[in-house]
file data.cif (mmCIF, C-alpha atoms)
data_my_file
loop_
_atom_site.group_PDB
_atom_site.id
_atom_site.type_symbol
_atom_site.label_atom_id
_atom_site.label_comp_id
_atom_site.auth_asym_id
_atom_site.auth_seq_id
_atom_site.Cartn_x
_atom_site.Cartn_y
_atom_site.Cartn_z
ATOM 1 C CA MET A 315 3.900 27.332 13.706
ATOM 2 C CA ALA A 316 3.126 25.043 10.740
ATOM 3 C CA HIS A 317 3.715 21.316 11.030
ATOM 4 C CA GLN A 318 6.470 19.949 8.836
ATOM 5 C CA THR A 319 5.112 17.557 6.249
ATOM 6 C CA HIS A 320 6.849 14.445 5.000
ATOM 7 C CA PRO A 321 6.780 12.452 1.785
ATOM 8 C CA ALA A 322 5.556 8.875 2.040
ATOM 9 C CA VAL A 323 5.526 5.693 0.070
ATOM 10 C CA PHE A 324 2.160 3.987 0.366
ATOM 11 C CA LEU A 325 2.352 0.244 -0.159
ATOM 12 C CA ASP A 326 -0.330 -2.244 -0.964
ATOM 13 C CA LYS A 327 0.140 -5.339 1.204
ATOM 14 C CA ASP A 328 -0.838 -8.526 -0.641
ATOM 15 C CA GLY A 329 1.118 -9.079 -3.850
ATOM 16 C CA THR A 330 3.232 -5.976 -3.310
ATOM 17 C CA LEU A 331 4.867 -5.962 0.117
ATOM 18 C CA ILE A 332 4.212 -9.632 0.824
ATOM 19 C CA GLU A 333 3.971 -12.683 -1.399
ATOM 20 C CA HIS A 334 0.485 -13.090 -2.832
ATOM 21 C CA VAL A 335 -1.341 -15.994 -1.192
ATOM 22 C CA PRO A 336 -5.003 -15.860 -2.288
ATOM 23 C CA ALA A 337 -7.456 -15.468 0.624
ATOM 24 C CA ASN A 338 -4.707 -16.134 3.181
ATOM 25 C CA VAL A 339 -6.089 -16.112 6.724
ATOM 26 C CA ASP A 340 -2.996 -17.642 8.371
ATOM 27 C CA ALA A 341 -0.500 -15.031 9.585
ATOM 28 C CA THR A 342 2.279 -17.636 9.776
ATOM 29 C CA ARG A 343 2.119 -17.933 5.954
ATOM 30 C CA ILE A 344 3.002 -14.252 5.480
ATOM 31 C CA CYS A 345 6.345 -13.856 3.692
ATOM 32 C CA LEU A 346 7.921 -10.633 2.500
ATOM 33 C CA ALA A 347 8.181 -10.175 -1.241
ATOM 34 C CA GLU A 348 11.685 -10.706 -2.563
ATOM 35 C CA GLY A 349 13.836 -7.650 -1.877
ATOM 36 C CA ALA A 350 11.148 -5.884 0.187
ATOM 37 C CA GLY A 351 13.410 -5.259 3.170
ATOM 38 C CA GLU A 352 16.184 -3.815 1.020
ATOM 39 C CA ALA A 353 13.789 -1.611 -0.960
ATOM 40 C CA LEU A 354 12.039 -0.259 2.133
ATOM 41 C CA ARG A 355 15.323 0.402 3.962
ATOM 42 C CA ARG A 356 16.479 2.535 1.044
ATOM 43 C CA LEU A 357 13.155 4.390 0.824
ATOM 44 C CA ALA A 358 13.243 5.132 4.565
ATOM 45 C CA ALA A 359 16.835 6.347 4.243
ATOM 46 C CA ARG A 360 15.612 8.819 1.608
ATOM 47 C CA GLY A 361 13.182 10.273 4.173
ATOM 48 C CA PHE A 362 9.969 8.555 3.074
ATOM 49 C CA ARG A 363 7.408 7.508 5.619
ATOM 50 C CA LEU A 364 6.352 3.906 4.932
ATOM 51 C CA VAL A 365 2.615 3.269 5.092
ATOM 52 C CA VAL A 366 0.672 0.113 4.266
ATOM 53 C CA VAL A 367 -2.807 0.646 2.771
ATOM 54 C CA SER A 368 -4.702 -2.589 2.211
ATOM 55 C CA ASN A 369 -8.198 -3.652 1.177
ATOM 56 C CA GLN A 370 -9.243 -6.553 3.397
ATOM 57 C CA ALA A 371 -12.558 -7.693 1.930
ATOM 58 C CA GLU A 372 -12.062 -11.061 3.650
ATOM 59 C CA VAL A 373 -13.499 -9.394 6.781
ATOM 60 C CA ALA A 374 -16.693 -8.395 4.955
ATOM 61 C CA HIS A 375 -16.940 -11.903 3.505
ATOM 62 C CA GLY A 376 -16.594 -13.543 6.933
ATOM 63 C CA LEU A 377 -13.269 -15.237 6.144
ATOM 64 C CA LEU A 378 -11.194 -13.132 8.532
ATOM 65 C CA THR A 379 -11.799 -11.070 11.674
ATOM 66 C CA GLU A 380 -10.331 -7.693 12.503
ATOM 67 C CA ASP A 381 -8.543 -9.418 15.401
ATOM 68 C CA ALA A 382 -6.837 -11.683 12.861
ATOM 69 C CA LEU A 383 -5.727 -8.571 10.955
ATOM 70 C CA VAL A 384 -4.033 -7.313 14.129
ATOM 71 C CA VAL A 385 -2.096 -10.598 14.251
ATOM 72 C CA ALA A 386 -1.199 -10.252 10.548
ATOM 73 C CA GLU A 387 0.007 -6.677 11.090
ATOM 74 C CA ARG A 388 2.126 -7.811 14.042
ATOM 75 C CA ARG A 389 3.669 -10.578 11.904
ATOM 76 C CA LEU A 390 4.394 -8.152 9.052
ATOM 77 C CA ARG A 391 6.026 -5.645 11.407
ATOM 78 C CA GLN A 392 8.106 -8.446 12.938
ATOM 79 C CA LEU A 393 9.347 -9.584 9.511
ATOM 80 C CA LEU A 394 10.205 -6.009 8.537
ATOM 81 C CA ARG A 395 12.040 -5.317 11.826
ATOM 82 C CA ARG A 396 14.296 -8.287 11.058
ATOM 83 C CA GLU A 397 15.167 -6.371 7.866
ATOM 84 C CA GLY A 398 15.814 -3.141 9.781
ATOM 85 C CA VAL A 399 12.531 -1.508 8.672
ATOM 86 C CA GLU A 400 9.815 0.159 10.747
ATOM 87 C CA LEU A 401 6.410 0.968 9.279
ATOM 88 C CA ASP A 402 5.050 4.429 10.017
ATOM 89 C CA GLY A 403 1.449 3.353 9.487
ATOM 90 C CA PHE A 404 -0.787 0.386 8.726
ATOM 91 C CA TYR A 405 -4.273 1.080 7.370
ATOM 92 C CA TYR A 406 -6.829 -1.405 6.121
ATOM 93 C CA CYS A 407 -10.387 -1.330 4.839
ATOM 94 C CA PRO A 408 -12.589 -4.231 6.015
ATOM 95 C CA TYR A 409 -15.641 -3.167 3.978
ATOM 96 C CA HIS A 410 -17.036 -4.519 0.732
ATOM 97 C CA PRO A 411 -20.408 -3.717 -0.860
ATOM 98 C CA GLU A 412 -21.038 -7.399 -1.617
ATOM 99 C CA GLY A 413 -19.947 -8.774 1.744
ATOM 100 C CA THR A 414 -21.816 -11.367 3.802
ATOM 101 C CA VAL A 415 -21.206 -9.863 7.264
ATOM 102 C CA PRO A 416 -23.805 -7.086 7.646
ATOM 103 C CA ALA A 417 -21.603 -4.790 9.768
ATOM 104 C CA TYR A 418 -18.999 -4.701 6.973
ATOM 105 C CA THR A 419 -21.239 -4.859 3.911
ATOM 106 C CA ARG A 420 -21.245 -1.354 2.490
ATOM 107 C CA HIS A 421 -19.455 1.096 0.240
ATOM 108 C CA SER A 422 -16.620 2.928 1.940
ATOM 109 C CA ASP A 423 -14.351 5.801 0.949
ATOM 110 C CA CYS A 424 -11.457 3.843 2.466
ATOM 111 C CA ARG A 425 -11.779 0.957 -0.013
ATOM 112 C CA LYS A 426 -9.369 1.383 -2.902
ATOM 113 C CA PRO A 427 -9.801 2.709 -5.584
ATOM 114 C CA GLU A 428 -11.189 5.369 -3.238
ATOM 115 C CA PRO A 429 -8.342 7.393 -1.694
ATOM 116 C CA GLY A 430 -9.672 7.398 1.903
ATOM 117 C CA MET A 431 -6.851 5.415 3.539
ATOM 118 C CA LEU A 432 -4.186 7.609 1.952
ATOM 119 C CA LEU A 433 -6.019 10.799 2.933
ATOM 120 C CA GLN A 434 -6.419 9.563 6.523
ATOM 121 C CA ALA A 435 -2.744 8.627 6.746
ATOM 122 C CA ALA A 436 -1.798 12.066 5.389
ATOM 123 C CA ARG A 437 -3.789 13.699 8.187
ATOM 124 C CA ASP A 438 -2.478 11.352 10.878
ATOM 125 C CA LEU A 439 1.187 11.411 9.848
ATOM 126 C CA ASN A 440 1.631 14.925 8.360
ATOM 127 C CA ILE A 441 2.229 13.545 4.872
ATOM 128 C CA ASP A 442 2.601 15.729 1.796
ATOM 129 C CA LEU A 443 0.699 13.734 -0.809
ATOM 130 C CA SER A 444 2.153 15.716 -3.720
ATOM 131 C CA ARG A 445 5.634 14.442 -2.742
ATOM 132 C CA SER A 446 4.455 10.887 -2.106
ATOM 133 C CA TRP A 447 4.172 7.645 -4.068
ATOM 134 C CA MET A 448 1.713 4.737 -4.160
ATOM 135 C CA ILE A 449 3.033 1.291 -5.116
ATOM 136 C CA GLY A 450 0.615 -1.564 -5.771
ATOM 137 C CA ASP A 451 -0.026 -4.596 -7.928
ATOM 138 C CA ALA A 452 -3.507 -3.572 -9.110
ATOM 139 C CA LEU A 453 -5.016 -0.609 -10.920
ATOM 140 C CA ASP A 454 -7.249 0.033 -7.886
ATOM 141 C CA ASP A 455 -4.004 0.908 -6.053
ATOM 142 C CA VAL A 456 -2.970 3.187 -8.914
ATOM 143 C CA GLU A 457 -6.355 4.909 -8.970
ATOM 144 C CA ALA A 458 -6.324 5.465 -5.203
ATOM 145 C CA GLY A 459 -2.852 6.978 -5.422
ATOM 146 C CA ASN A 460 -3.735 9.187 -8.379
ATOM 147 C CA ARG A 461 -6.938 10.380 -6.705
ATOM 148 C CA ALA A 462 -4.976 11.252 -3.560
ATOM 149 C CA GLY A 463 -2.493 13.303 -5.598
ATOM 150 C CA CYS A 464 0.471 10.898 -5.397
ATOM 151 C CA ARG A 465 2.719 9.604 -8.121
ATOM 152 C CA THR A 466 2.058 5.938 -8.807
ATOM 153 C CA VAL A 467 3.920 2.739 -9.650
ATOM 154 C CA LEU A 468 2.140 -0.407 -10.808
ATOM 155 C CA LEU A 469 3.942 -3.629 -9.972
ATOM 156 C CA ASP A 470 3.215 -5.674 -13.051
ATOM 157 C CA VAL A 471 3.364 -9.107 -11.422
ATOM 158 C CA GLY A 472 0.269 -10.649 -13.009
ATOM 159 C CA ASN A 473 -2.236 -9.889 -10.228
ATOM 160 C CA GLU A 474 -4.244 -7.212 -12.059
ATOM 161 C CA THR A 475 -7.604 -8.591 -13.174
ATOM 162 C CA GLU A 476 -9.524 -5.428 -14.125
ATOM 163 C CA ARG A 477 -7.629 -3.614 -16.849
ATOM 164 C CA LEU A 478 -10.041 -0.746 -17.428
ATOM 165 C CA PRO A 479 -7.983 2.045 -18.978
ATOM 166 C CA THR A 480 -8.939 5.463 -17.664
ATOM 167 C CA PRO A 481 -6.736 8.433 -16.798
ATOM 168 C CA MET A 482 -7.058 7.732 -13.061
ATOM 169 C CA ARG A 483 -6.076 4.072 -13.606
ATOM 170 C CA THR A 484 -2.944 4.922 -15.578
ATOM 171 C CA PRO A 485 0.241 4.559 -13.507
ATOM 172 C CA ASP A 486 3.074 7.042 -13.781
ATOM 173 C CA PHE A 487 5.475 4.102 -13.973
ATOM 174 C CA ILE A 488 5.455 0.304 -14.199
ATOM 175 C CA ALA A 489 7.956 -1.979 -12.443
ATOM 176 C CA LYS A 490 8.389 -5.740 -12.144
ATOM 177 C CA THR A 491 9.567 -5.833 -8.510
ATOM 178 C CA LEU A 492 9.550 -3.720 -5.375
ATOM 179 C CA VAL A 493 13.316 -3.292 -5.739
ATOM 180 C CA GLU A 494 12.834 -1.993 -9.291
ATOM 181 C CA ALA A 495 10.091 0.363 -8.045
ATOM 182 C CA GLU A 496 12.417 1.718 -5.340
ATOM 183 C CA MET A 497 15.194 2.291 -7.872
ATOM 184 C CA LEU A 498 12.769 4.087 -10.166
ATOM 185 C CA ILE A 499 11.577 6.340 -7.311
ATOM 186 C CA ALA A 500 15.185 7.079 -6.320
ATOM 187 C CA GLU A 501 16.017 8.013 -9.908
ATOM 188 C CA LYS A 502 12.983 10.317 -10.230
ATOM 189 C CA GLU A 503 13.688 11.955 -6.874
ATOM 190 C CA GLN A 504 17.328 12.533 -7.858
ATOM 191 C CA MET A 505 16.264 14.082 -11.180
ATOM 192 C CA ALA A 506 13.950 16.455 -9.291
ATOM 193 C CA LEU A 507 16.907 17.725 -7.260
ATOM 194 C CA VAL A 508 18.962 18.587 -10.344
#

call {"tool": "encode", "arguments": {"input": "data.cif", "output": "structure tokens"}}
result
Amino acid sequence: MAHQTHPAVFLDKDGTLIEHVPANVDATRICLAEGAGEALRRLAARGFRLVVVSNQAEVAHGLLTEDALVVAERRLRQLLRREGVELDGFYYCPYHPEGTVPAYTRHSDCRKPEPGMLLQAARDLNIDLSRSWMIGDALDDVEAGNRAGCRTVLLDVGNETERLPTPMRTPDFIAKTLVEAEMLIAEKEQMALV
């Protein structure tokens, strides 16, 4: 018997799901982006699995440990539970080719714009990538989503620093907030049903 697959919304963490605090290593400073709880509740109600996919180069640069990321994930899940939201998955990539910690200094297919985290989550959580979305505040997020076969939404909040236009770095849609992105996804999903 075949496993049932589910659509998902993949979410970048910093600058998308939570307020952008550059090089934040203090979990107590994590705050949800405005409207994140509301947007994620509505996405979950539509049957989407909610999966965080985050580059965490701070580990490779020696600014953060993987243990600290566990604390940050716990804090994020706690904040979301207060909003009535449960994450289905939390994936991060600690590697960076220009890191300073030898164990984490390398190229990795999990580091966005590579699609490795999304592909792993699809295997782990029975996700249908063709019915899924990637939301992020950088074109690396868009490229990872496009390469994985998802539809993509760029949150245009001023965090993108590498505007290199290529087909893989072109989002399907652009939104200003996570709430606007959720509304856009809901509209597109409704149109697909008609």

call {"tool": "resolve_selection", "arguments": {"input": "data.cif", "expression": "the PyMOL selection byres ((chain A and resi 368) around 7)", "output": "list in words"}}
result
Asp326, Lys327, Val366, Val367, Asn369, Gln370, Tyr405, Tyr406 and Cys407 of chain A

call {"tool": "resolve_selection", "arguments": {"input": "data.cif", "expression": "the PyMOL selection byres ((chain A and resi 422-435) around 9)", "output": "VMD selection string"}}
result
chain A and resid 324 365 367 to 371 403 to 411 420 to 421 436 to 441 443 448 453 to 462 483

call {"tool": "atom_distance", "arguments": {"input": "data.cif", "atom1": "CA of Asp470 in chain A", "atom2": "CA of Cys345 in chain A"}}
result
18.9 Å

call {"tool": "residues_around", "arguments": {"input": "data.cif", "residues": "Gly361 in chain A", "least_positions_apart": "6", "cutoff": "9 Å", "atoms": "only C-alpha atoms", "output": "PyMOL selection string"}}
result
chain A and resi 320-322

call {"tool": "resolve_selection", "arguments": {"input": "data.cif", "expression": "the PyMOL selection byres ((chain A and resi 485-491) around 12)", "output": "PyMOL selection string"}}
result
chain A and resi 329-333+347-350+352-353+447-461+463-473+477+479-484+492-499+501-502

call {"tool": "closest_residue", "arguments": {"input": "data.cif", "among": "A:Thr319, A:Met505, A:Val339, A:Arg395", "to": "Glu380 in chain A", "atoms": "all atoms listed in the file"}}
result
A:Val339

call {"tool": "atom_distance", "arguments": {"input": "data.cif", "atom1": "CA of Val415 in chain A", "atom2": "CA of Gly376 in chain A"}}
result
5.9 Å

call {"tool": "atom_distance", "arguments": {"input": "data.cif", "atom1": "CA of Leu354 in chain A", "atom2": "CA of Leu394 in chain A"}}
result
8.8 Å

call {"tool": "closest_residue", "arguments": {"input": "data.cif", "among": "A:Arg356, A:Ala341, A:Phe362, A:Glu400", "to": "Leu378 in chain A", "atoms": "only C-alpha atoms"}}
result
A:Ala341

call {"tool": "closest_residue", "arguments": {"input": "data.cif", "among": "A:Val335, A:Leu364, A:Leu393, A:Val323", "to": "Gly351 in chain A", "atoms": "only C-alpha atoms"}}
result
A:Leu393
